[in-house]
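As structure tokens, the structure follows; a few thoughts come after it.
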Amino acid sequence: MIDDKVAQLIAGEEKRQREGLELIPSENYVSRPVLDALGSVFTNKYSEGYPGRRYYGGQEFTDQVETLAIERAKQLFKADHANVQPHSGAPANEAVYSAWLEPGDTVLAMDLGHGGHLTHGAPVTRSAKLYNFIRYKMKDPTTGEIDYDELRELALKHKPKIILAGFSAYPRELDYGKFAAIGQEIEGCLLMADMAHIAGLIAGGVARNPFDDGFHVITSTTHKTLRGPRGGLILSRGTVGNPLKAPEKTLENIPTLIDRAVFPGMQGGPHEHVIAAKAVAFGEALQPEFKDYAAQIVKNAAALADAMLTRGFTLVTGGTSNHLILADVHASFGLDGKVVEEALDKIGLTLNKNAVANDTLPPYRPSGIRLGTPAITTRGLKEEHMEQIAEWMKQAIDARDDEAKLAALHADVVTFALQFPLPSDI
Ligand SMILES: Cc1ncc(COP(=O)(O)O)c(C=O)c1O
């Protein structure tokens, strides 16, 4: 029997998820098998080390479940090696930095204000204190094109040890071939992609796999478009060696350097219940239906972007080519993102305020909102439903000070959302 207080909170959260529409582009709804694996007895087990090389006994099943997760991840993303132990996306990135860099080394990464992630060198992070981050940007936020000329100039000038491609608020595809060509001009430069947001799109074949363009390492979360448990993943190209022996720092040895950086470098015992759930999610992503799911995410995002444009929203880069949309609500309606986030929360549409490129407003009240379609696509929404969502958004923004109107809109959203069960309810 579960703790009453916690049971009440779980029930409350389930109701919130069931009755609302989740538009945060980094969230999703996992399947019942993923939830079951997460809640399994693997949570009881210590298994420091790697399959076949553990520091505790009793590893018959943990070794098998971790090996299964590794093999499925490798198959899904065409990798030579997978480390499925990082507890989340941030430690996955830190592990790669510590595997390849010495303190003071330079990393060339996307500017946070132009779509990069905190872990890509935001001054508040530990990595930014240890390493020297240089930032590249979009050439023009109305088209979204990265300034590849500037990127090359920065690379030749600063000779980064890592060039990092990846984002958490960029609605277009990166040209990994151009990144790779620049990286190949710099001796000893590791090409790293952080696909935390788009892993599901890559797995589903609707976004390019950076390995196909010569990248050495890909980091990811497993809980966004990939629709697995909250966790991290590091994939690499190279030769897999014995993680008990420190290898020479070469690109070929990257898999072993990464294994050693994760454990014992940063983490203790892996969370085998989460790894079991990762194995389930990777298995689901290997099914043909996952390709349809990924394609539908992108179709829904394009339809939602169009429906927002016709209602006066200004979209950064003019639209989207992936699962996410960044709208400049300050340019559109003279409002800040916090006001809009709160108005939409009141009607059951959940998204987040977000800075836009060269934002003139402060981070806590930025000019933008960020939204996306991975979660609503999991619930079965299609292009024809996107007009309705955009219409509710505009109506809630217009009625932001009218509590009665917001309550009426909320009732409509609940009635609509209940037609689409959560996957864990099915
Ligand atoms: C691109 C990118 N990398 C890393 C992370 C960090 O992941 P986590 O929050 O799981 O640590 C995120 C999360 O938003 C992300 O978007």
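Residue numbers start at 1 in each chain; chains themselves are named A, B, ... in the order of the structure tokens; ligands are numbered from 1 in the order shown.
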Determine, counting only C-alpha atoms, which protein, DNA and RNA residues have an atom within 10 Å of an atom of Leu244 (chain A); residues of the same chain fewer than 2 positions away are not included. Present the result as a list in words. Gly49, Tyr50, Arg53, Gly241, Asn242, Ala246, Pro247, Thr256, Asp259, Arg260, Phe263 and Pro264 of chain A
Distance limit 6 Å, reference ligand 1, atoms considered: only C-alpha atoms and all ligand atoms. Which residues make the cut? Give them as a list in words.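 Final answer, ordered by chain and number: Ser88, Gly89, Ala90, His117, Gly166, Phe167, Ser168, Asp194, Ala196, His197, Thr221 and Gly231 of chain A.
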Deliver the residues from the most recent selection as a file, using N, CA and C atoms, as a tab-separated table (two decimals), in the first residue's frame.
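Just written: again-v4.tsv:
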```tsv
chain	number	residue	atom	x	y	z
A	88	SER	N	21.39	11.67	-16.38
A	88	SER	CA	20.57	12.60	-17.14
A	88	SER	C	21.43	13.26	-18.23
A	89	GLY	N	20.83	14.22	-18.93
A	89	GLY	CA	21.54	14.84	-20.05
A	89	GLY	C	22.73	15.69	-19.60
A	90	ALA	N	22.56	16.41	-18.50
A	90	ALA	CA	23.64	17.30	-18.05
A	90	ALA	C	24.89	16.49	-17.67
A	117	HIS	N	22.16	25.00	-25.00
A	117	HIS	CA	21.70	24.58	-23.66
A	117	HIS	C	22.65	25.09	-22.59
A	166	GLY	N	24.23	21.29	-31.19
A	166	GLY	CA	23.07	20.81	-30.44
A	166	GLY	C	22.38	21.97	-29.79
A	167	PHE	N	21.14	21.76	-29.37
A	167	PHE	CA	20.32	22.90	-28.94
A	167	PHE	C	19.15	22.43	-28.10
A	168	SER	N	18.56	23.41	-27.42
A	168	SER	CA	17.29	23.11	-26.74
A	168	SER	C	16.20	24.09	-27.14
A	194	ASP	N	24.84	17.14	-29.32
A	194	ASP	CA	23.92	16.90	-28.20
A	194	ASP	C	22.53	16.84	-28.81
A	196	ALA	N	19.78	15.78	-27.39
A	196	ALA	CA	18.79	15.56	-26.34
A	196	ALA	C	17.36	15.78	-26.83
A	197	HIS	N	17.18	16.87	-27.57
A	197	HIS	CA	15.81	17.19	-28.02
A	197	HIS	C	15.34	16.30	-29.16
A	221	THR	N	19.44	12.99	-23.96
A	221	THR	CA	18.55	12.54	-22.89
A	221	THR	C	17.70	11.42	-23.50
A	231	GLY	N	16.55	10.28	-18.25
A	231	GLY	CA	17.91	9.73	-18.17
A	231	GLY	C	18.80	10.27	-19.27
```
Surrounding residues of region 55-58 of chain A excluding itself and chain neighbours under 5 positions, 10 Å, only C-alpha atoms, as a list in words: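 In the requested format, the answer is Lys45, Tyr46, Ser47, Glu48, Gly49, Tyr50, Asp63 and Gly269 of chain A.
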Can you list, as a ChimeraX atom specification, all residues belonging to region 80-164 of chain A that DSSP tags as strand (DSSP E)? /A:81-83,106-110,132-136,162-164
Write a file of the selected residues as a compact mmCIF listing (two decimals), in the first residue's frame, keeping C-alpha atoms.
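The resulting out03.txt:
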```txt
# COMPACT_ATOMS: atom_id res chain seq x y z
CA HIS A 81 29.54 2.15 -28.39
CA ALA A 82 26.82 3.23 -25.99
CA ASN A 83 27.08 4.21 -22.35
CA THR A 106 38.32 25.38 -25.43
CA VAL A 107 34.87 24.26 -26.57
CA LEU A 108 33.00 25.93 -29.43
CA ALA A 109 29.25 25.66 -28.75
CA MET A 110 25.96 27.33 -29.63
CA ASN A 132 36.84 27.95 -21.99
CA PHE A 133 33.58 28.15 -23.98
CA ILE A 134 33.42 30.18 -27.19
CA ARG A 135 29.99 30.72 -28.74
CA TYR A 136 28.66 30.63 -32.27
CA ILE A 162 35.43 20.11 -28.98
CA ILE A 163 32.97 21.56 -31.48
CA LEU A 164 29.51 21.00 -30.07
```
Please measure the separation of CA of Glu66 (chain A) and CA of Leu422 (chain A), giving the value in Å to one decimal.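 One can read the CA of Glu66 (chain A) to CA of Leu422 (chain A) distance as 27.6 Å.
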